[in-house]
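Have a look at entry26.csv below; it lists CSV, C-alpha atoms and all ligand atoms.
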```
chain,number,residue,atom,x,y,z
D,1440,MET,CA,9.9,19.9,16.1
D,1441,ALA,CA,6.4,19.3,17.3
D,1442,PRO,CA,5.3,15.7,16.5
D,1443,SER,CA,2.3,16.9,14.4
D,1444,ILE,CA,4.6,19.0,12.2
D,1445,LEU,CA,7.1,16.1,12.0
D,1446,VAL,CA,4.3,13.7,11.0
D,1447,GLN,CA,3.0,16.1,8.4
D,1448,ARG,CA,6.5,16.5,7.0
D,1449,ILE,CA,7.1,12.7,6.9
D,1450,LEU,CA,3.8,12.3,5.2
D,1451,HIS,CA,4.5,15.1,2.7
D,1452,THR,CA,8.0,14.1,1.8
D,1453,ARG,CA,8.0,10.3,2.1
D,1454,VAL,CA,4.4,8.9,2.0
D,1455,LYS,CA,3.7,10.8,-1.1
D,1456,HIS,CA,6.2,8.6,-3.0
D,1457,HIS,CA,5.0,5.4,-1.3
D,1458,LEU,CA,1.3,5.7,-1.4
D,1459,ALA,CA,1.1,3.7,-4.6
D,1460,ARG,CA,2.5,0.7,-2.7
D,1461,PHE,CA,0.9,1.6,0.7
D,1462,LEU,CA,2.9,2.6,3.7
D,1463,PRO,CA,6.1,0.5,4.2
D,1464,ALA,CA,6.1,-1.4,7.5
D,1465,SER,CA,9.0,0.6,8.9
D,1466,LEU,CA,7.2,3.9,8.2
D,1467,LEU,CA,4.0,2.6,9.9
D,1468,ALA,CA,6.0,1.7,13.0
D,1469,THR,CA,7.6,5.2,13.0
D,1470,LEU,CA,4.2,6.8,12.6
D,1471,ALA,CA,2.7,4.7,15.4
D,1472,GLN,CA,5.5,5.9,17.7
D,1473,LEU,CA,5.0,9.5,16.8
D,1474,LEU,CA,1.2,9.4,17.2
D,1475,LEU,CA,1.6,7.4,20.5
D,1476,ILE,CA,-0.9,4.8,19.3
D,1477,PRO,CA,-0.5,1.0,18.9
D,1478,GLU,CA,0.6,0.0,15.4
D,1479,ARG,CA,-2.5,-2.2,15.1
D,1480,PHE,CA,-4.6,0.9,15.0
D,1481,LEU,CA,-2.8,2.1,11.9
D,1482,LEU,CA,-3.0,-1.4,10.3
D,1483,ALA,CA,-6.7,-1.4,10.9
D,1484,THR,CA,-7.0,1.5,8.5
D,1485,THR,CA,-5.5,-0.7,5.7
D,1486,TYR,CA,-6.4,-4.1,4.2
D,1487,HIS,CA,-3.2,-5.7,5.7
D,1488,ALA,CA,-5.0,-8.4,7.6
D,1489,GLU,CA,-7.5,-9.1,4.7
D,1490,LEU,CA,-4.7,-9.4,2.1
D,1491,ALA,CA,-2.6,-11.6,4.5
D,1492,HIS,CA,-5.6,-14.0,4.7
D,1493,LEU,CA,-6.4,-13.8,1.0
D,1494,TYR,CA,-2.9,-14.4,-0.2
D,1495,GLY,CA,-1.7,-16.7,2.6
D,1496,SER,CA,1.2,-14.4,3.4
D,1497,PRO,CA,1.9,-12.7,6.8
D,1498,HIS,CA,3.4,-9.7,5.1
D,1499,PRO,CA,1.4,-9.0,2.0
D,1500,HIS,CA,2.6,-6.1,-0.3
D,1501,GLY,CA,0.1,-3.3,-0.9
D,1502,ARG,CA,0.4,-4.0,-4.6
D,1503,LEU,CA,-1.6,-7.2,-4.1
D,1504,LEU,CA,-4.7,-4.9,-3.7
D,1505,SER,CA,-3.8,-2.7,-6.7
D,1506,THR,CA,-0.8,-1.9,-8.7
D,1507,GLN,CA,-1.9,1.7,-9.2
D,1508,PHE,CA,-3.2,4.3,-6.8
D,1509,SER,CA,-5.2,7.4,-7.6
D,1510,PHE,CA,-6.7,9.4,-4.8
D,1511,HIS,CA,-10.4,10.2,-4.9
D,1512,LEU,CA,-13.0,10.8,-2.3
D,1513,CYS,CA,-16.7,10.8,-1.6
D,1514,PRO,CA,-18.0,14.3,-0.7
D,1515,ALA,CA,-20.8,12.9,1.4
D,1516,CYS,CA,-18.5,10.6,3.5
D,1517,VAL,CA,-16.3,13.7,4.2
D,1518,ALA,CA,-19.2,15.9,5.0
D,1519,ASP,CA,-20.9,13.3,7.3
D,1520,THR,CA,-17.9,11.8,9.1
D,1521,ARG,CA,-14.7,13.5,8.1
D,1522,LEU,CA,-13.4,10.1,7.1
D,1523,LEU,CA,-11.4,8.8,4.1
D,1524,LYS,CA,-12.6,5.2,4.1
D,1525,ARG,CA,-10.3,2.4,3.0
D,1526,THR,CA,-12.9,1.4,0.4
D,1527,LEU,CA,-11.6,4.4,-1.6
D,1528,MET,CA,-8.6,2.1,-2.4
D,1529,TRP,CA,-10.8,-0.4,-4.3
D,1530,PRO,CA,-9.6,-0.3,-7.9
D,1531,HIS,CA,-12.1,0.4,-10.7
D,1532,LEU,CA,-14.7,1.8,-8.4
D,1533,HIS,CA,-16.0,5.3,-9.5
D,1534,TYR,CA,-18.9,5.8,-7.0
D,1535,CYS,CA,-19.2,5.5,-3.2
D,1536,PRO,CA,-20.6,2.1,-2.3
D,1537,LEU,CA,-22.4,3.8,0.7
D,1538,HIS,CA,-23.8,7.0,-0.8
D,1539,HIS,CA,-23.9,6.0,-4.5
D,1540,ILE,CA,-22.4,9.3,-5.6
D,1541,GLU,CA,-19.4,9.9,-7.8
D,1542,LEU,CA,-16.0,9.8,-6.2
D,1543,ARG,CA,-14.1,13.1,-7.0
D,1544,ASN,CA,-10.4,13.5,-7.8
D,1545,THR,CA,-10.6,17.2,-8.7
D,1546,CYS,CA,-12.0,20.3,-7.1
D,1547,GLN,CA,-14.5,22.6,-8.8
D,1548,CYS,CA,-11.6,25.0,-9.4
D,1549,GLY,CA,-9.9,22.3,-11.4
D,1550,GLY,CA,-7.2,21.6,-8.8
D,1551,ALA,CA,-6.3,18.0,-8.2
D,1552,LEU,CA,-7.3,16.7,-4.7
D,1553,TRP,CA,-4.5,15.3,-2.6
D,1554,PRO,CA,-4.6,14.1,1.0
D,1555,PHE,CA,-1.3,15.5,2.2
D,1556,SER,CA,-0.8,18.7,0.4
D,1557,GLY,CA,0.8,20.4,3.4
D,1558,ARG,CA,-0.4,23.7,2.1
D,1559,ALA,CA,-4.1,23.5,3.2
D,1560,SER,CA,-6.2,22.5,6.2
D,1561,PRO,CA,-7.3,18.8,6.2
D,1562,PHE,CA,-10.3,18.1,4.0
D,1563,THR,CA,-9.9,21.3,1.9
D,1564,CYS,CA,-8.7,22.1,-1.6
D,1565,PHE,CA,-5.1,23.4,-1.4
D,1566,ALA,CA,-5.8,25.7,-4.4
D,1567,CYS,CA,-9.1,27.4,-3.5
D,1568,GLY,CA,-9.8,26.3,0.1
D,1569,LEU,CA,-13.1,24.7,-0.7
D,1570,ASP,CA,-14.2,22.1,1.9
D,1571,TRP,CA,-14.2,18.6,0.2
D,1572,GLY,CA,-17.6,18.0,1.9
D,1573,ALA,CA,-19.1,20.8,-0.2
D,1574,LEU,CA,-18.1,19.4,-3.5
D,1575,PRO,CA,-21.1,18.6,-5.9
D,1576,GLN,CA,-22.7,15.2,-5.5
D,1577,ARG,CA,-23.5,13.3,-8.7
D,1578,GLN,CA,-25.6,10.2,-8.4
D,1579,THR,CA,-24.5,6.9,-9.9
D,1580,PRO,CA,-26.0,6.8,-13.5
D,1581,ARG,CA,-28.4,4.0,-14.0
D,1582,THR,CA,-26.1,2.5,-16.6
D,1583,ARG,CA,-23.3,2.1,-14.1
D,1584,GLN,CA,-25.2,0.9,-11.1
D,1585,LYS,CA,-24.9,-2.8,-11.8
D,1586,ARG,CA,-21.2,-2.7,-12.5
D,1587,GLU,CA,-20.5,-0.7,-9.3
D,1588,ARG,CA,-22.6,-3.1,-7.3
D,1589,GLN,CA,-20.8,-6.2,-8.8
D,1590,LEU,CA,-17.4,-4.6,-8.0
D,1591,GLY,CA,-18.4,-3.9,-4.4
D,1592,LEU,CA,-19.8,-7.5,-3.9
D,1593,PHE,CA,-16.6,-9.0,-5.3
D,1594,TYR,CA,-14.4,-6.9,-3.0
D,1595,ASP,CA,-16.6,-7.6,0.0
D,1596,TYR,CA,-16.4,-11.4,-0.7
D,1597,PHE,CA,-12.7,-11.7,-1.3
D,1598,LEU,CA,-11.7,-9.3,1.5
D,1599,ASP,CA,-14.1,-10.8,4.1
D,1600,GLU,CA,-13.9,-14.5,3.2
D,1601,GLY,CA,-11.2,-14.9,0.6
D,1602,THR,CA,-8.4,-17.5,0.8
D,1603,PRO,CA,-5.8,-18.5,-1.8
D,1604,ARG,CA,-7.9,-21.6,-2.7
D,1605,ARG,CA,-11.0,-19.5,-3.2
D,1606,MET,CA,-9.1,-17.1,-5.4
D,1607,GLU,CA,-7.8,-19.9,-7.5
D,1608,TYR,CA,-11.3,-21.2,-7.8
D,1609,ALA,CA,-12.5,-17.8,-9.0
D,1610,VAL,CA,-9.7,-17.7,-11.6
D,1611,GLU,CA,-10.7,-21.1,-12.8
D,1612,ILE,CA,-14.3,-20.0,-13.2
D,1613,LEU,CA,-13.1,-16.9,-15.2
D,1614,ARG,CA,-10.9,-19.1,-17.4
D,1615,ARG,CA,-13.8,-21.4,-18.2
D,1616,HIS,CA,-16.1,-18.5,-18.8
D,1617,GLU,CA,-13.7,-16.8,-21.2
D,1618,LYS,CA,-13.0,-20.1,-23.0
D,1619,GLU,CA,-16.8,-20.6,-23.5
D,1620,VAL,CA,-17.4,-17.1,-24.8
D,1621,SER,CA,-14.4,-17.4,-27.2
D,1622,MET,CA,-15.7,-20.8,-28.5
D,1623,LEU,CA,-12.1,-22.0,-28.8
D,1624,SER,CA,-10.7,-25.3,-27.7
D,1625,TRP,CA,-8.5,-25.4,-24.6
D,1626,SER,CA,-5.4,-25.8,-26.8
D,1627,GLU,CA,-6.4,-22.8,-28.9
D,1628,HIS,CA,-7.6,-20.7,-26.0
D,1629,PRO,CA,-4.9,-18.2,-25.0
D,1630,ASP,CA,-3.6,-18.5,-21.4
D,1631,VAL,CA,-5.0,-15.1,-20.5
D,1632,ILE,CA,-4.8,-15.4,-16.7
D,1633,PRO,CA,-1.3,-16.0,-15.3
D,1634,TYR,CA,-1.8,-19.3,-13.5
D,1635,ARG,CA,-0.6,-19.3,-9.9
D,1636,ALA,CA,1.0,-15.9,-10.4
D,1637,LYS,CA,0.4,-13.3,-7.6
D,1638,PHE,CA,-1.7,-10.9,-9.6
D,1639,SER,CA,-3.5,-8.2,-7.7
D,1640,LEU,CA,-7.1,-8.5,-6.3
D,1641,GLY,CA,-8.0,-5.4,-8.3
D,1642,TYR,CA,-6.8,-7.1,-11.5
D,1643,LEU,CA,-8.9,-10.2,-10.9
D,1644,VAL,CA,-12.0,-8.4,-9.8
D,1645,GLY,CA,-11.8,-6.1,-12.8
D,1646,ARG,CA,-11.4,-9.1,-15.2
D,1647,LEU,CA,-14.4,-10.9,-13.5
D,1648,VAL,CA,-16.7,-7.9,-13.9
D,1649,GLN,CA,-15.6,-7.2,-17.4
D,1650,ALA,CA,-16.2,-10.8,-18.4
D,1651,GLY,CA,-19.7,-10.6,-16.9
D,1652,VAL,CA,-19.1,-13.2,-14.2
D,1653,ALA,CA,-21.4,-12.6,-11.3
D,1654,PRO,CA,-20.3,-12.8,-7.6
D,1655,ARG,CA,-22.5,-15.8,-7.0
D,1656,ASP,CA,-20.7,-17.7,-9.8
D,1657,VAL,CA,-17.5,-17.8,-7.9
D,1658,LEU,CA,-18.9,-18.9,-4.5
D,1659,PRO,CA,-17.3,-22.2,-3.6
D,1660,TYR,CA,-19.3,-25.3,-2.9
D,1661,TRP,CA,-17.2,-26.1,0.2
W,1,ZN,ZN,-19.7,8.1,0.6
W,2,ZN,ZN,-10.4,24.0,-5.4
```
Exercise: express the given structure as C-alpha cells:
Amino acid sequence: MAPSILVQRILHTRVKHHLARFLPASLLATLAQLLLIPERFLLATTYHAELAHLYGSPHPHGRLLSTQFSFHLCPACVADTRLLKRTLMWPHLHYCPLHHIELRNTCQCGGALWPFSGRASPFTCFACGLDWGALPQRQTPRTRQKRERQLGLFYDYFLDEGTPRRMEYAVEILRRHEKEVSMLSWSEHPDVIPYRAKFSLGYLVGRLVQAGVAPRDVLPYW
C-alpha cells in the first residue's frame, strides 16, 4: 500500500477516534516514520511543548488544553495559506484571531466539515465538493469583539509564558474575584475552582473571561 494511502487510512480509522485527546505519542511516531520527517516537525503542529512548560510535565495529555474537541476552520486562513492552524484548537473561540471572521463547522450545503473524511479532496466539503476557502466570511460582531480578544490574549499569555506557578496565581486571582463579586465570606464562598487539580487550560481561560477578569489582572509581579 502506498504510504499516502496508508497514512490516510490510519488517519481515517484511528485518528478520528483520538482527536478529542490529540494524537497519542505512539501514533505520532508511526506517522513521522511514514511521512519520513522528524517527529519534532509533527510535534511543532501541536501545543505539546507549551503544555509541557505550563503544567511542568514532560508528557502532557492533550486534554490539558481542552477536554472537548470540535473541528472548525477559518475560510480566509484556508484560502490564503491552505493551513489549519493550531489556534483552531483554542476552546471557546468562535472567530479567527487573525482575520476576525467566524470559524465554520458546517458547509453551506449543511454538511459537517471534517478534516479527514477520506471521501473528498483536502480542504473541500465531502458532501458538495465546495472549497473550504470559498465559504462565506462573517465578521466578528461588535458585541463579541472584546470577549474574543480577551480569550486570545489569555491563550497567548499562558501558552507563551505560562508556568504551573503562574497558573496557580491566575486561579487565586479568579477565586478572589469571584469571592468579591459574591460578597460572601471565605467560609461561605463555595470552593468553585478545584485547588491544585489539573484542570484544562480551556476551562481556566473560559472561567476567567466569563468572570470578567482581564489578562493584565493575572500578570505576575515576579
Ligand atoms: Zn483566519
Ligand atoms: Zn458542502
(Q) How would you report the residues lying within 6 Å of ligand ZN 1 (chain W), as a PyMOL selection string, if you count only C-alpha atoms and all ligand atoms? (A) chain D and resi 1513+1515-1516+1535+1537-1538
Pull C-alpha atoms from the residues just selected and write them as a PDB file, in the coordinates of the input.
```
ATOM      1  CA  CYS D1513     -16.700  10.800  -1.600  1.00  0.00           C
ATOM      2  CA  ALA D1515     -20.800  12.900   1.400  1.00  0.00           C
ATOM      3  CA  CYS D1516     -18.500  10.600   3.500  1.00  0.00           C
ATOM      4  CA  CYS D1535     -19.200   5.500  -3.200  1.00  0.00           C
ATOM      5  CA  LEU D1537     -22.400   3.800   0.700  1.00  0.00           C
ATOM      6  CA  HIS D1538     -23.800   7.000  -0.800  1.00  0.00           C
TER       7      HIS D1538
END
```
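Distance check against ligand ZN 2 (chain W) using all atoms listed in the file: of D:Arg1604, D:Arg1543, D:Lys1637, D:His1498, the minimum falls on D:Arg1543.
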Mind running chain D against ligand ZN 2 (chain W) at 10 Å and telling me each contacting residue's nearest atom pair with the distance in Å (one decimal), counting only C-alpha atoms and all ligand atoms, chain and number ascending, as JSON lines?
```
{"residue": "D:Thr1545", "atom": "CA", "partner": "W:ZN2", "partner_atom": "ZN", "distance": 7.6}
{"residue": "D:Cys1546", "atom": "CA", "partner": "W:ZN2", "partner_atom": "ZN", "distance": 4.4}
{"residue": "D:Gln1547", "atom": "CA", "partner": "W:ZN2", "partner_atom": "ZN", "distance": 5.5}
{"residue": "D:Cys1548", "atom": "CA", "partner": "W:ZN2", "partner_atom": "ZN", "distance": 4.3}
{"residue": "D:Gly1549", "atom": "CA", "partner": "W:ZN2", "partner_atom": "ZN", "distance": 6.3}
{"residue": "D:Gly1550", "atom": "CA", "partner": "W:ZN2", "partner_atom": "ZN", "distance": 5.2}
{"residue": "D:Ala1551", "atom": "CA", "partner": "W:ZN2", "partner_atom": "ZN", "distance": 7.8}
{"residue": "D:Leu1552", "atom": "CA", "partner": "W:ZN2", "partner_atom": "ZN", "distance": 8.0}
{"residue": "D:Thr1563", "atom": "CA", "partner": "W:ZN2", "partner_atom": "ZN", "distance": 7.8}
{"residue": "D:Cys1564", "atom": "CA", "partner": "W:ZN2", "partner_atom": "ZN", "distance": 4.6}
{"residue": "D:Phe1565", "atom": "CA", "partner": "W:ZN2", "partner_atom": "ZN", "distance": 6.7}
{"residue": "D:Ala1566", "atom": "CA", "partner": "W:ZN2", "partner_atom": "ZN", "distance": 5.0}
{"residue": "D:Cys1567", "atom": "CA", "partner": "W:ZN2", "partner_atom": "ZN", "distance": 4.1}
{"residue": "D:Gly1568", "atom": "CA", "partner": "W:ZN2", "partner_atom": "ZN", "distance": 6.0}
{"residue": "D:Leu1569", "atom": "CA", "partner": "W:ZN2", "partner_atom": "ZN", "distance": 5.5}
{"residue": "D:Asp1570", "atom": "CA", "partner": "W:ZN2", "partner_atom": "ZN", "distance": 8.4}
{"residue": "D:Trp1571", "atom": "CA", "partner": "W:ZN2", "partner_atom": "ZN", "distance": 8.7}
{"residue": "D:Leu1574", "atom": "CA", "partner": "W:ZN2", "partner_atom": "ZN", "distance": 9.2}
```
What would the file look like if the residues just selected were written as a short mmCIF file (atom, residue, chain, number, x, y, z; two decimals), in the coordinates of the input with C-alpha atoms?
```
data_model
loop_
_atom_site.label_atom_id
_atom_site.label_comp_id
_atom_site.auth_asym_id
_atom_site.auth_seq_id
_atom_site.Cartn_x
_atom_site.Cartn_y
_atom_site.Cartn_z
CA THR D 1545 -10.60 17.20 -8.70
CA CYS D 1546 -12.00 20.30 -7.10
CA GLN D 1547 -14.50 22.60 -8.80
CA CYS D 1548 -11.60 25.00 -9.40
CA GLY D 1549 -9.90 22.30 -11.40
CA GLY D 1550 -7.20 21.60 -8.80
CA ALA D 1551 -6.30 18.00 -8.20
CA LEU D 1552 -7.30 16.70 -4.70
CA THR D 1563 -9.90 21.30 1.90
CA CYS D 1564 -8.70 22.10 -1.60
CA PHE D 1565 -5.10 23.40 -1.40
CA ALA D 1566 -5.80 25.70 -4.40
CA CYS D 1567 -9.10 27.40 -3.50
CA GLY D 1568 -9.80 26.30 0.10
CA LEU D 1569 -13.10 24.70 -0.70
CA ASP D 1570 -14.20 22.10 1.90
CA TRP D 1571 -14.20 18.60 0.20
CA LEU D 1574 -18.10 19.40 -3.50
#
```
Q: Go through D:Ala1609, D:Leu1598, D:Leu1647, D:Leu1532 and flag the residue nearest Thr1485 in chain D, using only C-alpha atoms for the distances.
A: D:Leu1598
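From CA of Gly1591 in chain D back to CA of Gly1645 in chain D, the distance works out to 10.9 Å.
Shortest atom-to-atom contact with Pro1561 in chain D among D:Tyr1594, D:Gly1495, D:Pro1530, D:Leu1522: D:Leu1522, counting only C-alpha atoms.
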Q: State, in Å with one decimal place, the distance from CA of Val1517 in chain D to CA of Leu1542 in chain D.
A: 11.1 Å
Q: Identify, on the basis of all atoms listed in the file, every residue whose closest approach to His1492 in chain D does not exceed 8 Å; exclude the query and any residue fewer than 4 positions from it along the same chain; express the result as a list in words.
A: Ala1488, Ser1496, Pro1497, Gly1601, Thr1602 and Pro1603 of chain D
(Q) Residues near Val1657 in chain D, anyone? I mean within 10 Å using only C-alpha atoms, not counting same-chain ones fewer than 6 positions away, as number ranges by chain. (A) D: 1593, 1596, 1605-1613, 1647
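Atom to atom, CA of His1487 in chain D and CA of Val1652 in chain D stand 26.6 Å apart.
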